[in-house]
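Enquirer: Here it is, the structure, as structure tokens.
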Amino acid sequence: MQERLAHRQAENATWQEMQKQELQKLHSAQHNLWFNVAAYLVISVIEFYLAIIGHSQTLRADALNNLAGIISAILLLIGIFIARDIDDDDLMGQPLPQDIQQNGQRLQLTRFHYETVFTMITGIIMVAISINVIYGGIKSLLKPDTQEIPKPITLVGAAIAMIIMLIVWWMNLNAGRKLQNAALTAAAKDSLSDAITSLGTLIAIGGALIFKITWLDGVASMIVGIFILTAGIKIFRESSLNLADYFDPKLEAEFKDAIERFTQVKQVDELNAHYNGNMVTLDVIIAVDPHMEVKDSYLLGEEIEAQMRRQFGIVDTDVMAIPE
């Protein structure tokens, strides 16, 4: 009994340390996302203003794209705020069943899902904005009398947006890799797409000015819309798969291979990995010698959990042993 209590206390201490590290990563991610909000806000205001005075539909589409970036960053900030709210003992006002371990692990792992939820909402909003942009481009092409050649001032807006977006992309990419944060990784993909979109806007406006092509602005705005649509669908797909409890089969095969290297494990009967925000948990059923004592099978489970934590950073591995 005393040994089990000591072991439980050691497990709780390990969980508290891992939770602390993950919360610190989320705190750092928040700082990067606030920078995103500021950058997108500046770009959107500049582009909207120059699109109005310069009569450029493509620049307006790019401004809408960057407006989606503001919404995206704010939603991700909300998701991270909920994930970091460790003082709250329920979820959205709803209590959870008692945490048997009494360390808040179940509640906190559930909270981490909110970061993924708001990432998925970001993808939906990007898809909605892209449809609006594409529709505007099509409407412009169907009404040739409304088409205009953009003014040279609009080139300035596209150039500023491209430069700032490249800076934001570089910061998000490095921070996402360092913190292993899905929200920043999604933001990096979004900002790179925005930088490419701004480059396309710059080229389209330049082409319309040089060759005096009135319809090029409308076509370019549709291409911008397609870029937004592609990025939105990709973000929605990845986050919804995580929420649907999908996990990369190749990575699960690596987990299985690592567990089967234990000599006492005859085979892995079942293995299921789960995403909880950025944290991974694992449920595994192993076949062992039918004559193995309960204590030995328990210790084997603890060794497997420790190995999976060291090798793959898995926060929690639940091992069930059955006779071969």
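Convention: chains lettered A, B, ... in structure tokens order; per-chain residue numbering from 1; ligands numbered from 1 as shown.
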Let's see if you can do this: from backbone DSSP, list all alpha helix (DSSP H) residues in range 128-316 of chain A, as a PyMOL selection string.
Expert: chain A and resi 128-142+153-179+182-211+216-243+249-260+294-312
Enquirer: Which residues of range 123-168 of chain A come within 7 Å of range 40-53 of chain A, and what is each one's closest atom pair and distance in Å (one decimal), counting only C-alpha atoms, sorted by chain and residue number, as CSV?
Expert:
residue,atom,partner,partner_atom,distance
A:Ile153,CA,A:Leu50,CA,6.9
A:Thr154,CA,A:Leu50,CA,5.6
A:Gly157,CA,A:Glu47,CA,5.3
A:Ala161,CA,A:Ile43,CA,5.6
Enquirer: Output C-alpha atoms of each residue in that selection to a file, as a compact mmCIF listing (two decimals), in the first residue's frame.
Expert:
# COMPACT_ATOMS: atom_id res chain seq x y z
CA ILE A 153 -0.54 53.37 -55.24
CA THR A 154 -2.10 49.91 -54.78
CA GLY A 157 -0.15 48.15 -50.21
CA ALA A 161 1.59 43.20 -46.92
Enquirer: So which residues touch Thr230 in chain A within 12 Å, counting only C-alpha atoms, skipping near sequence neighbours fewer than 6 positions away, as a ChimeraX atom specification?
Expert: /A:123-124,126-131,189-190,193-194,197,223-224,236-237
Enquirer: Write out as number ranges by chain which residues come within 7 Å of Ile134 in chain A when counting only C-alpha atoms, dropping same-chain ones fewer than 3 positions away.
Expert: A: 130-131, 137-138, 221-222, 225
Enquirer: With a cut-off of 12 Å, could you pull out the residues of range 197-272 of chain A touching range 290-310 of chain A and give me the nearest pair of atoms for each, distance in Å to one decimal, using only C-alpha atoms, ordered by chain and ascending number, as CSV?
Expert:
residue,atom,partner,partner_atom,distance
A:Glu252,CA,A:Met308,CA,11.6
A:Glu254,CA,A:Met308,CA,10.5
A:Phe255,CA,A:Met308,CA,7.6
A:Lys256,CA,A:Met308,CA,10.2
A:Asp257,CA,A:Met308,CA,11.1
A:Ala258,CA,A:Met308,CA,7.9
A:Ile259,CA,A:Ile304,CA,6.6
A:Glu260,CA,A:Ile304,CA,9.7
A:Arg261,CA,A:Ile304,CA,10.0
A:Phe262,CA,A:Ile304,CA,8.1
A:Thr263,CA,A:Leu300,CA,10.0
A:Gln264,CA,A:Leu300,CA,7.8
A:Val265,CA,A:Leu300,CA,8.6
A:Lys266,CA,A:Pro290,CA,10.4
A:Val268,CA,A:Ile304,CA,11.9
Enquirer: For the atom pair CA of Tyr275 in chain A and CA of Asn242 in chain A, what is the interatomic distance in Å to one decimal place?
Expert: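 Result for CA of Tyr275 in chain A versus CA of Asn242 in chain A: 6.2 Å, one decimal.
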Enquirer: For Ala208 in chain A, work out the shell of residues within 10 Å, counting only C-alpha atoms and skipping chain neighbours fewer than 3 positions away, then give it as a list of chain:residue names.
Expert: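 Skipping anything fewer than 3 positions along the chain leaves A:Glu148, A:Ile149, A:Pro150, A:Lys151, A:Pro152, A:Ile203, A:Ala204, A:Ile205, A:Phe211, A:Lys212, A:Ile213, A:Thr214, A:Trp215, A:Leu216, A:Asp217, A:Ala220.
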